[in-house]
$ cat target23.txt   # compact mmCIF, N, CA and C atoms
# COMPACT_ATOMS: atom_id res chain seq x y z
N MET A 1 202.68 81.67 -164.91
CA MET A 1 203.18 82.18 -163.64
C MET A 1 202.66 81.32 -162.49
N ARG A 2 201.38 81.02 -162.56
CA ARG A 2 200.77 80.20 -161.51
C ARG A 2 201.45 78.84 -161.43
N ARG A 3 201.78 78.28 -162.61
CA ARG A 3 202.45 76.97 -162.66
C ARG A 3 203.83 77.05 -162.01
N LEU A 4 204.57 78.13 -162.24
CA LEU A 4 205.88 78.31 -161.63
C LEU A 4 205.79 78.40 -160.11
N ILE A 5 204.78 79.08 -159.61
CA ILE A 5 204.58 79.17 -158.16
C ILE A 5 204.29 77.80 -157.58
N LEU A 6 203.46 77.01 -158.27
CA LEU A 6 203.14 75.66 -157.82
C LEU A 6 204.39 74.78 -157.81
N ILE A 7 205.19 74.86 -158.87
CA ILE A 7 206.43 74.07 -158.94
C ILE A 7 207.38 74.48 -157.82
N ALA A 8 207.52 75.77 -157.58
CA ALA A 8 208.39 76.25 -156.50
C ALA A 8 207.90 75.74 -155.15
N ALA A 9 206.59 75.75 -154.93
CA ALA A 9 206.03 75.26 -153.66
C ALA A 9 206.31 73.78 -153.48
N VAL A 10 206.17 72.99 -154.55
CA VAL A 10 206.43 71.56 -154.48
C VAL A 10 207.91 71.32 -154.18
N LEU A 11 208.81 72.04 -154.85
CA LEU A 11 210.25 71.88 -154.61
C LEU A 11 210.63 72.27 -153.18
N MET A 12 210.04 73.33 -152.66
CA MET A 12 210.33 73.74 -151.28
C MET A 12 209.83 72.69 -150.30
N SER A 13 208.65 72.13 -150.57
CA SER A 13 208.12 71.09 -149.70
C SER A 13 209.01 69.85 -149.74
N ALA A 14 209.46 69.48 -150.92
CA ALA A 14 210.35 68.32 -151.05
C ALA A 14 211.67 68.57 -150.32
N ALA A 15 212.20 69.78 -150.44
CA ALA A 15 213.46 70.10 -149.76
C ALA A 15 213.29 70.04 -148.25
N THR A 16 212.15 70.54 -147.75
CA THR A 16 211.89 70.47 -146.31
C THR A 16 211.78 69.02 -145.86
N GLY A 17 211.08 68.19 -146.64
CA GLY A 17 210.96 66.77 -146.31
C GLY A 17 212.30 66.07 -146.34
N ALA A 18 213.14 66.40 -147.34
CA ALA A 18 214.47 65.79 -147.43
C ALA A 18 215.33 66.19 -146.25
N ALA A 19 215.24 67.46 -145.83
CA ALA A 19 216.02 67.91 -144.67
C ALA A 19 215.58 67.16 -143.42
N ARG A 20 214.27 66.96 -143.26
CA ARG A 20 213.76 66.22 -142.10
C ARG A 20 214.24 64.77 -142.16
N ALA A 21 214.20 64.18 -143.37
CA ALA A 21 214.66 62.80 -143.53
C ALA A 21 216.14 62.70 -143.21
N ASP A 22 216.94 63.68 -143.67
CA ASP A 22 218.37 63.67 -143.38
C ASP A 22 218.62 63.76 -141.88
N GLU A 23 217.83 64.57 -141.18
CA GLU A 23 217.97 64.67 -139.72
C GLU A 23 217.67 63.33 -139.07
N ARG A 24 216.62 62.65 -139.54
CA ARG A 24 216.27 61.35 -138.97
C ARG A 24 217.35 60.32 -139.28
N GLY A 25 217.88 60.35 -140.50
CA GLY A 25 218.98 59.45 -140.84
C GLY A 25 220.20 59.74 -139.99
N ALA A 26 220.42 61.03 -139.70
CA ALA A 26 221.54 61.41 -138.84
C ALA A 26 221.37 60.87 -137.43
N GLU A 27 220.14 60.81 -136.94
CA GLU A 27 219.88 60.23 -135.60
C GLU A 27 220.32 58.77 -135.57
N VAL A 28 219.96 58.03 -136.61
CA VAL A 28 220.30 56.61 -136.68
C VAL A 28 221.81 56.44 -136.83
N LYS A 29 222.43 57.28 -137.65
CA LYS A 29 223.88 57.22 -137.81
C LYS A 29 224.57 57.49 -136.47
N ALA A 30 224.06 58.43 -135.70
CA ALA A 30 224.64 58.73 -134.38
C ALA A 30 224.53 57.53 -133.45
N VAL A 31 223.42 56.80 -133.51
CA VAL A 31 223.26 55.58 -132.70
C VAL A 31 224.33 54.56 -133.11
N MET A 32 224.54 54.44 -134.41
CA MET A 32 225.54 53.47 -134.89
C MET A 32 226.95 53.87 -134.48
N GLU A 33 227.24 55.16 -134.50
CA GLU A 33 228.55 55.62 -134.05
C GLU A 33 228.74 55.37 -132.55
N GLN A 34 227.67 55.58 -131.77
CA GLN A 34 227.73 55.28 -130.34
C GLN A 34 227.94 53.78 -130.13
N TYR A 35 227.25 52.99 -130.92
CA TYR A 35 227.39 51.53 -130.86
C TYR A 35 228.85 51.12 -131.09
N LEU A 36 229.46 51.66 -132.13
CA LEU A 36 230.85 51.31 -132.43
C LEU A 36 231.77 51.73 -131.29
N SER A 37 231.50 52.88 -130.71
CA SER A 37 232.31 53.35 -129.58
C SER A 37 232.18 52.40 -128.38
N LEU A 38 230.96 52.00 -128.08
CA LEU A 38 230.74 51.06 -126.97
C LEU A 38 231.34 49.69 -127.29
N TRP A 39 231.23 49.29 -128.56
CA TRP A 39 231.81 48.01 -128.99
C TRP A 39 233.32 48.04 -128.78
N ASN A 40 233.96 49.13 -129.18
CA ASN A 40 235.40 49.23 -129.04
C ASN A 40 235.84 49.33 -127.58
N ALA A 41 234.94 49.76 -126.71
CA ALA A 41 235.22 49.77 -125.27
C ALA A 41 234.93 48.41 -124.65
N HIS A 42 234.41 47.48 -125.46
CA HIS A 42 234.03 46.14 -125.00
C HIS A 42 233.02 46.23 -123.86
N ASP A 43 232.09 47.16 -123.97
CA ASP A 43 231.13 47.45 -122.90
C ASP A 43 229.81 46.70 -123.14
N ALA A 44 229.81 45.43 -122.79
CA ALA A 44 228.64 44.58 -123.01
C ALA A 44 227.40 45.12 -122.28
N ALA A 45 227.58 45.64 -121.08
CA ALA A 45 226.44 46.14 -120.29
C ALA A 45 225.78 47.32 -121.00
N ALA A 46 226.58 48.27 -121.48
CA ALA A 46 226.00 49.45 -122.15
C ALA A 46 225.37 49.07 -123.49
N ILE A 47 225.99 48.18 -124.23
CA ILE A 47 225.41 47.75 -125.50
C ILE A 47 224.07 47.09 -125.25
N ASN A 48 224.01 46.24 -124.25
CA ASN A 48 222.76 45.56 -123.91
C ASN A 48 221.69 46.56 -123.46
N ALA A 49 222.08 47.56 -122.69
CA ALA A 49 221.12 48.51 -122.13
C ALA A 49 220.70 49.59 -123.11
N ARG A 50 221.63 50.05 -123.97
CA ARG A 50 221.34 51.25 -124.78
C ARG A 50 221.28 51.02 -126.28
N ILE A 51 221.75 49.86 -126.77
CA ILE A 51 221.84 49.67 -128.22
C ILE A 51 220.99 48.51 -128.71
N TYR A 52 221.19 47.34 -128.13
CA TYR A 52 220.49 46.15 -128.63
C TYR A 52 219.10 46.02 -128.03
N ARG A 53 218.21 45.51 -128.83
CA ARG A 53 216.89 45.04 -128.39
C ARG A 53 216.63 43.79 -129.23
N LEU A 54 217.58 42.84 -129.13
CA LEU A 54 217.54 41.61 -129.90
C LEU A 54 216.68 40.58 -129.18
N ASP A 55 216.04 39.74 -129.95
CA ASP A 55 215.22 38.68 -129.38
C ASP A 55 215.98 37.37 -129.38
N PRO A 56 215.79 36.57 -128.32
CA PRO A 56 216.34 35.22 -128.36
C PRO A 56 215.69 34.51 -129.55
N PRO A 57 216.36 33.62 -130.20
CA PRO A 57 217.55 32.90 -129.79
C PRO A 57 218.86 33.57 -130.17
N ASN A 58 218.85 34.84 -130.60
CA ASN A 58 220.10 35.51 -130.93
C ASN A 58 221.02 35.40 -129.71
N PRO A 59 222.23 34.86 -129.89
CA PRO A 59 223.12 34.68 -128.74
C PRO A 59 223.54 35.99 -128.08
N MET A 60 223.39 37.12 -128.79
CA MET A 60 223.78 38.40 -128.19
C MET A 60 222.56 39.18 -127.69
N ALA A 61 221.50 38.48 -127.36
CA ALA A 61 220.29 39.12 -126.84
C ALA A 61 220.38 39.42 -125.35
N SER A 62 221.55 39.16 -124.76
CA SER A 62 221.75 39.44 -123.34
C SER A 62 223.16 39.98 -123.12
N GLU A 63 223.37 40.59 -121.98
CA GLU A 63 224.71 41.07 -121.63
C GLU A 63 225.71 39.93 -121.62
N ALA A 64 225.31 38.79 -121.07
CA ALA A 64 226.20 37.62 -121.02
C ALA A 64 226.56 37.15 -122.43
N GLY A 65 225.61 37.17 -123.33
CA GLY A 65 225.86 36.77 -124.71
C GLY A 65 226.83 37.71 -125.42
N ILE A 66 226.68 39.01 -125.18
CA ILE A 66 227.58 40.00 -125.78
C ILE A 66 228.99 39.81 -125.20
N ALA A 67 229.08 39.63 -123.89
CA ALA A 67 230.37 39.40 -123.25
C ALA A 67 231.04 38.14 -123.80
N ALA A 68 230.26 37.09 -124.06
CA ALA A 68 230.81 35.86 -124.63
C ALA A 68 231.36 36.12 -126.04
N GLU A 69 230.69 36.98 -126.81
CA GLU A 69 231.19 37.32 -128.14
C GLU A 69 232.52 38.07 -128.04
N PHE A 70 232.62 38.99 -127.09
CA PHE A 70 233.90 39.68 -126.89
C PHE A 70 234.99 38.69 -126.51
N ALA A 71 234.69 37.75 -125.64
CA ALA A 71 235.68 36.74 -125.22
C ALA A 71 236.11 35.91 -126.43
N ARG A 72 235.16 35.53 -127.28
CA ARG A 72 235.48 34.75 -128.47
C ARG A 72 236.41 35.53 -129.40
N LEU A 73 236.09 36.81 -129.61
CA LEU A 73 236.92 37.64 -130.48
C LEU A 73 238.31 37.88 -129.87
N LYS A 74 238.36 38.16 -128.58
CA LYS A 74 239.64 38.40 -127.91
C LYS A 74 240.55 37.17 -127.99
N ALA A 75 239.96 35.99 -127.95
CA ALA A 75 240.74 34.75 -128.07
C ALA A 75 241.43 34.66 -129.43
N GLN A 76 240.91 35.38 -130.42
CA GLN A 76 241.51 35.44 -131.76
C GLN A 76 242.47 36.62 -131.90
N GLY A 77 242.65 37.38 -130.80
CA GLY A 77 243.55 38.52 -130.82
C GLY A 77 242.86 39.85 -131.09
N TYR A 78 241.54 39.85 -131.12
CA TYR A 78 240.78 41.07 -131.42
C TYR A 78 241.04 42.17 -130.40
N ASP A 79 241.16 43.41 -130.91
CA ASP A 79 241.33 44.57 -130.06
C ASP A 79 240.22 45.61 -130.28
N HIS A 80 239.99 46.00 -131.54
CA HIS A 80 238.96 47.01 -131.82
C HIS A 80 238.54 46.94 -133.29
N SER A 81 237.48 47.67 -133.60
CA SER A 81 236.97 47.73 -134.98
C SER A 81 237.11 49.14 -135.51
N THR A 82 237.32 49.23 -136.82
CA THR A 82 237.38 50.53 -137.48
C THR A 82 236.05 50.81 -138.15
N ASN A 83 235.78 52.07 -138.41
CA ASN A 83 234.58 52.49 -139.13
C ASN A 83 235.00 52.85 -140.55
N ALA A 84 234.56 52.06 -141.51
CA ALA A 84 234.87 52.34 -142.91
C ALA A 84 233.66 52.94 -143.62
N GLY A 85 232.62 53.27 -142.87
CA GLY A 85 231.45 53.92 -143.45
C GLY A 85 230.15 53.41 -142.87
N ILE A 86 229.24 54.34 -142.64
CA ILE A 86 227.90 54.02 -142.14
C ILE A 86 226.89 54.70 -143.06
N GLU A 87 225.94 53.93 -143.56
CA GLU A 87 224.82 54.46 -144.35
C GLU A 87 223.56 54.21 -143.53
N ALA A 88 222.85 55.26 -143.18
CA ALA A 88 221.65 55.13 -142.36
C ALA A 88 220.42 55.57 -143.16
N CYS A 89 219.40 54.75 -143.15
CA CYS A 89 218.19 55.01 -143.92
C CYS A 89 216.96 54.82 -143.04
N VAL A 90 216.18 55.87 -142.86
CA VAL A 90 214.91 55.74 -142.16
C VAL A 90 213.90 55.30 -143.20
N VAL A 91 213.27 54.15 -142.98
CA VAL A 91 212.37 53.59 -143.97
C VAL A 91 210.91 53.63 -143.54
N GLY A 92 210.64 54.13 -142.38
CA GLY A 92 209.28 54.27 -141.86
C GLY A 92 209.32 55.08 -140.59
N PRO A 93 208.17 55.40 -140.03
CA PRO A 93 208.15 56.25 -138.84
C PRO A 93 208.95 55.69 -137.67
N ASP A 94 209.03 54.36 -137.59
CA ASP A 94 209.75 53.76 -136.47
C ASP A 94 210.69 52.65 -136.91
N GLN A 95 211.11 52.67 -138.17
CA GLN A 95 212.00 51.64 -138.67
C GLN A 95 213.13 52.27 -139.48
N ALA A 96 214.31 51.69 -139.35
CA ALA A 96 215.47 52.18 -140.08
C ALA A 96 216.41 51.03 -140.40
N LEU A 97 217.25 51.27 -141.39
CA LEU A 97 218.32 50.35 -141.74
C LEU A 97 219.63 51.11 -141.61
N ALA A 98 220.66 50.40 -141.21
CA ALA A 98 222.00 51.00 -141.18
C ALA A 98 222.97 49.96 -141.70
N GLU A 99 223.77 50.37 -142.64
CA GLU A 99 224.83 49.52 -143.16
C GLU A 99 226.14 50.04 -142.58
N MET A 100 226.88 49.15 -141.93
CA MET A 100 228.18 49.56 -141.39
C MET A 100 229.25 48.72 -142.07
N ARG A 101 230.27 49.41 -142.55
CA ARG A 101 231.45 48.77 -143.12
C ARG A 101 232.58 48.95 -142.11
N PHE A 102 233.32 47.88 -141.85
CA PHE A 102 234.33 47.93 -140.80
C PHE A 102 235.37 46.85 -140.98
N SER A 103 236.42 46.96 -140.22
CA SER A 103 237.44 45.92 -140.09
C SER A 103 237.63 45.64 -138.61
N ARG A 104 237.90 44.41 -138.29
CA ARG A 104 238.24 44.03 -136.92
C ARG A 104 239.76 43.90 -136.85
N LEU A 105 240.35 44.65 -135.93
CA LEU A 105 241.81 44.70 -135.86
C LEU A 105 242.34 44.10 -134.57
N LYS A 106 243.53 43.55 -134.67
CA LYS A 106 244.27 43.09 -133.51
C LYS A 106 245.02 44.29 -132.93
N ALA A 107 245.60 44.12 -131.74
CA ALA A 107 246.34 45.21 -131.10
C ALA A 107 247.51 45.70 -131.95
N ASP A 108 248.09 44.82 -132.76
CA ASP A 108 249.22 45.23 -133.60
C ASP A 108 248.78 45.91 -134.90
N GLY A 109 247.47 46.06 -135.09
CA GLY A 109 246.94 46.75 -136.27
C GLY A 109 246.62 45.85 -137.44
N THR A 110 246.94 44.58 -137.35
CA THR A 110 246.59 43.67 -138.45
C THR A 110 245.12 43.27 -138.31
N ALA A 111 244.51 42.98 -139.45
CA ALA A 111 243.08 42.67 -139.48
C ALA A 111 242.82 41.20 -139.21
N LEU A 112 241.74 40.94 -138.48
CA LEU A 112 241.23 39.58 -138.40
C LEU A 112 240.52 39.32 -139.73
N PRO A 113 240.80 38.20 -140.37
CA PRO A 113 240.16 37.95 -141.67
C PRO A 113 238.65 37.77 -141.51
N PRO A 114 237.89 38.18 -142.48
CA PRO A 114 238.30 38.97 -143.63
C PRO A 114 238.52 40.42 -143.23
N LYS A 115 239.40 41.10 -143.95
CA LYS A 115 239.76 42.48 -143.61
C LYS A 115 238.55 43.41 -143.76
N ASP A 116 237.85 43.28 -144.86
CA ASP A 116 236.69 44.15 -145.12
C ASP A 116 235.41 43.41 -144.76
N ARG A 117 234.60 44.05 -143.92
CA ARG A 117 233.35 43.45 -143.45
C ARG A 117 232.21 44.43 -143.61
N ALA A 118 231.01 43.90 -143.66
CA ALA A 118 229.82 44.75 -143.71
C ALA A 118 228.68 44.02 -143.01
N THR A 119 227.89 44.78 -142.27
CA THR A 119 226.71 44.25 -141.60
C THR A 119 225.57 45.21 -141.83
N LEU A 120 224.40 44.66 -142.07
CA LEU A 120 223.17 45.44 -142.18
C LEU A 120 222.43 45.30 -140.86
N TYR A 121 222.07 46.43 -140.27
CA TYR A 121 221.36 46.46 -138.99
C TYR A 121 219.94 46.94 -139.23
N VAL A 122 218.99 46.29 -138.61
CA VAL A 122 217.61 46.74 -138.63
C VAL A 122 217.36 47.41 -137.28
N LEU A 123 216.90 48.64 -137.32
CA LEU A 123 216.63 49.39 -136.09
C LEU A 123 215.15 49.72 -136.00
N ARG A 124 214.69 49.82 -134.77
CA ARG A 124 213.31 50.24 -134.52
C ARG A 124 213.34 51.32 -133.45
N ARG A 125 212.46 52.30 -133.62
CA ARG A 125 212.38 53.36 -132.62
C ARG A 125 211.41 52.92 -131.52
N PHE A 126 211.90 52.95 -130.30
CA PHE A 126 211.12 52.66 -129.10
C PHE A 126 210.94 53.97 -128.34
N PRO A 127 210.10 54.00 -127.31
CA PRO A 127 209.96 55.23 -126.52
C PRO A 127 211.30 55.75 -125.98
N ASP A 128 212.25 54.85 -125.75
CA ASP A 128 213.56 55.29 -125.22
C ASP A 128 214.62 55.46 -126.32
N GLY A 129 214.21 55.45 -127.58
CA GLY A 129 215.13 55.73 -128.67
C GLY A 129 215.29 54.59 -129.66
N TRP A 130 216.18 54.81 -130.65
CA TRP A 130 216.46 53.81 -131.67
C TRP A 130 217.26 52.67 -131.07
N ARG A 131 216.87 51.43 -131.41
CA ARG A 131 217.57 50.24 -130.93
C ARG A 131 217.76 49.26 -132.09
N ILE A 132 218.89 48.56 -132.08
CA ILE A 132 219.14 47.52 -133.08
C ILE A 132 218.32 46.30 -132.69
N VAL A 133 217.48 45.83 -133.63
CA VAL A 133 216.64 44.67 -133.36
C VAL A 133 217.06 43.44 -134.16
N ARG A 134 217.92 43.67 -135.18
CA ARG A 134 218.38 42.53 -135.98
C ARG A 134 219.70 42.88 -136.65
N LEU A 135 220.59 41.90 -136.73
CA LEU A 135 221.87 42.04 -137.41
C LEU A 135 221.90 41.05 -138.56
N ILE A 136 222.31 41.53 -139.73
CA ILE A 136 222.36 40.68 -140.91
C ILE A 136 223.75 40.81 -141.53
N GLY A 137 224.52 39.75 -141.46
CA GLY A 137 225.83 39.77 -142.10
C GLY A 137 225.65 39.88 -143.60
N MET A 138 226.51 40.65 -144.24
CA MET A 138 226.40 40.80 -145.69
C MET A 138 227.79 40.80 -146.31
N SER A 139 227.84 40.51 -147.56
CA SER A 139 229.09 40.53 -148.30
C SER A 139 229.67 41.93 -148.30
N ALA A 140 230.97 42.04 -148.14
CA ALA A 140 231.61 43.35 -148.16
C ALA A 140 231.46 44.03 -149.51
N SER A 141 231.17 43.26 -150.56
CA SER A 141 230.99 43.85 -151.88
C SER A 141 229.55 44.35 -152.09
N ALA A 142 228.63 43.94 -151.23
CA ALA A 142 227.24 44.41 -151.34
C ALA A 142 227.15 45.83 -150.82
N LYS A 143 226.19 46.58 -151.31
CA LYS A 143 226.04 47.98 -150.90
C LYS A 143 224.57 48.33 -150.93
N ILE A 144 224.08 48.93 -149.83
CA ILE A 144 222.71 49.44 -149.86
C ILE A 144 222.78 50.92 -150.22
N SER A 145 221.73 51.37 -150.82
CA SER A 145 221.62 52.78 -151.15
C SER A 145 220.14 53.12 -151.03
N CYS A 146 219.83 54.05 -150.17
CA CYS A 146 218.44 54.41 -150.01
C CYS A 146 218.31 55.84 -149.55
N LYS A 147 217.15 56.38 -149.75
CA LYS A 147 216.84 57.70 -149.26
C LYS A 147 215.87 57.50 -148.11
N SER A 148 216.04 58.27 -147.06
CA SER A 148 215.16 58.16 -145.91
C SER A 148 213.76 58.59 -146.26
N ALA A 149 212.79 57.94 -145.63
CA ALA A 149 211.39 58.33 -145.80
C ALA A 149 211.21 59.72 -145.20
N THR A 150 210.27 60.46 -145.71
CA THR A 150 210.09 61.83 -145.24
C THR A 150 209.04 61.93 -144.16
N ASP A 151 208.34 60.88 -143.86
CA ASP A 151 207.32 60.94 -142.80
C ASP A 151 207.70 60.06 -141.63

$ encode --input "target23.txt" --output "structure tokens"
Amino acid sequence: MRRLILIAAVLMSAATGAARADERGAEVKAVMEQYLSLWNAHDAAAINARIYRLDPPNPMASEAGIAAEFARLKAQGYDHSTNAGIEACVVGPDQALAEMRFSRLKADGTALPPKDRATLYVLRRFPDGWRIVRLIGMSASAKISCKSATD
């Protein structure tokens, strides 16, 4: 009987930790959804102020750099990106990963090649919230799978 009580306590503790981890992963996923919304609005100023915390020499470490990327994409006919899935993983108290799958579309709905894309984002929690600190292009066939840390 005592062993059953101990097992039940461990399972309840694990469930509580998993729920907390899911909430933290949901926070990161919400940041990524906001990012995509701002990206589709072509809002370089908001992305720079609220989403990115990239270090130079990354060309998108400034509002001007982000605006230049939008200009480059628009020259190819780019209009907006779709969300084909976001996986968010909290891997430490102030670190997270997010995998976003997406397509870049022209105004007529056709995709800029390649149609299927994936990027891995490294996020860090700052006093003002989660921010993307690194972008890593990845093969659309690659897939991350992780469980969020519970602490």

$ atom_distance --input "target23.txt" --atom1 "atom CA of Asn58 of chain A" --atom2 "atom CA of Cys146 of chain A"
26.9 Å

$ atom_distance --input "target23.txt" --atom1 "atom N of Asp43 of chain A" --atom2 "atom CA of Ala111 of chain A"
19.5 Å

$ residues_around --input "target23.txt" --residues "Glu99 of chain A" --least-positions-apart "4" --cutoff "7 Å" --atoms "all atoms listed in the file" --output "PyMOL selection string"
chain A and resi 85-89+118-121+144

$ residues_around --input "target23.txt" --residues "segment 23-39 of chain A" --least-positions-apart "5" --cutoff "9 Å" --atoms "only C-alpha atoms" --output "PyMOL selection string"
chain A and resi 18+44+46-47+50-51+70+80-83+86-90+96-98+100+123+130-132+147-150

$ atom_distance --input "target23.txt" --atom1 "atom C of Gly129 of chain A" --atom2 "atom N of Met60 of chain A"
19.3 Å

$ select_by_dssp --input "target23.txt" --residues "chain A" --states "alpha helix (DSSP H)" --output "MDAnalysis selection string"
chainID A and resid 2:40 44:46 63:75

$ closest_residue --input "target23.txt" --among "A:Ala75, A:Ile66, A:Ala140, A:Ala61" --to "Phe102 of chain A" --atoms "all atoms listed in the file"
A:Ala140

$ select_by_dssp --input "target23.txt" --residues "chain A" --states "strand (DSSP E or B)" --output "VMD selection string"
chain A and resid 52 78 to 92 95 to 106 111 117 to 126 129 to 138

$ closest_residue --input "target23.txt" --among "A:Pro59, A:Arg101, A:Asp94, A:Leu54" --to "Asp128 of chain A" --atoms "only C-alpha atoms"
A:Asp94

$ closest_residue --input "target23.txt" --among "A:Gln95, A:Tyr52, A:Lys115, A:His42" --to "Asp79 of chain A" --atoms "only N, CA and C atoms"
A:His42

$ residues_near_point --input "target23.txt" --point "(243.1, 45.3, -134.7)" --cutoff "7 Å" --atoms "only N, CA and C atoms" --output "PDB file with N, CA and C atoms, in the coordinates of the input"
ATOM      1  N   GLY A  77     242.650  37.380-130.800  1.00  0.00           N
ATOM      2  CA  GLY A  77     243.550  38.520-130.820  1.00  0.00           C
ATOM      3  C   GLY A  77     242.860  39.850-131.090  1.00  0.00           C
ATOM      4  N   TYR A  78     241.540  39.850-131.120  1.00  0.00           N
ATOM      5  CA  TYR A  78     240.780  41.070-131.420  1.00  0.00           C
ATOM      6  C   TYR A  78     241.040  42.170-130.400  1.00  0.00           C
ATOM      7  N   ASP A  79     241.160  43.410-130.910  1.00  0.00           N
ATOM      8  CA  ASP A  79     241.330  44.570-130.060  1.00  0.00           C
ATOM      9  C   ASP A  79     240.220  45.610-130.280  1.00  0.00           C
ATOM     10  N   HIS A  80     239.990  46.000-131.540  1.00  0.00           N
ATOM     11  CA  HIS A  80     238.960  47.010-131.820  1.00  0.00           C
ATOM     12  C   HIS A  80     238.540  46.940-133.290  1.00  0.00           C
ATOM     13  N   SER A  81     237.480  47.670-133.600  1.00  0.00           N
ATOM     14  CA  SER A  81     236.970  47.730-134.980  1.00  0.00           C
ATOM     15  C   SER A  81     237.110  49.140-135.510  1.00  0.00           C
ATOM     16  N   SER A 103     236.420  46.960-140.220  1.00  0.00           N
ATOM     17  CA  SER A 103     237.440  45.920-140.090  1.00  0.00           C
ATOM     18  C   SER A 103     237.630  45.640-138.610  1.00  0.00           C
ATOM     19  N   ARG A 104     237.900  44.410-138.290  1.00  0.00           N
ATOM     20  CA  ARG A 104     238.240  44.030-136.920  1.00  0.00           C
ATOM     21  C   ARG A 104     239.760  43.900-136.850  1.00  0.00           C
ATOM     22  N   LEU A 105     240.350  44.650-135.930  1.00  0.00           N
ATOM     23  CA  LEU A 105     241.810  44.700-135.860  1.00  0.00           C
ATOM     24  C   LEU A 105     242.340  44.100-134.570  1.00  0.00           C
ATOM     25  N   LYS A 106     243.530  43.550-134.670  1.00  0.00           N
ATOM     26  CA  LYS A 106     244.270  43.090-133.510  1.00  0.00           C
ATOM     27  C   LYS A 106     245.020  44.290-132.930  1.00  0.00           C
ATOM     28  N   ALA A 107     245.600  44.120-131.740  1.00  0.00           N
ATOM     29  CA  ALA A 107     246.340  45.210-131.100  1.00  0.00           C
ATOM     30  C   ALA A 107     247.510  45.700-131.950  1.00  0.00           C
ATOM     31  N   ASP A 108     248.090  44.820-132.760  1.00  0.00           N
ATOM     32  CA  ASP A 108     249.220  45.230-133.600  1.00  0.00           C
ATOM     33  C   ASP A 108     248.780  45.910-134.900  1.00  0.00           C
ATOM     34  N   GLY A 109     247.470  46.060-135.090  1.00  0.00           N
ATOM     35  CA  GLY A 109     246.940  46.750-136.270  1.00  0.00           C
ATOM     36  C   GLY A 109     246.620  45.850-137.440  1.00  0.00           C
ATOM     37  N   THR A 110     246.940  44.580-137.350  1.00  0.00           N
ATOM     38  CA  THR A 110     246.590  43.670-138.450  1.00  0.00           C
ATOM     39  C   THR A 110     245.120  43.270-138.310  1.00  0.00           C
ATOM     40  N   ALA A 111     244.510  42.980-139.450  1.00  0.00           N
ATOM     41  CA  ALA A 111     243.080  42.670-139.480  1.00  0.00           C
ATOM     42  C   ALA A 111     242.820  41.200-139.210  1.00  0.00           C
ATOM     43  N   LEU A 112     241.740  40.940-138.480  1.00  0.00           N
ATOM     44  CA  LEU A 112     241.230  39.580-138.400  1.00  0.00           C
ATOM     45  C   LEU A 112     240.520  39.320-139.730  1.00  0.00           C
TER      46      LEU A 112
END
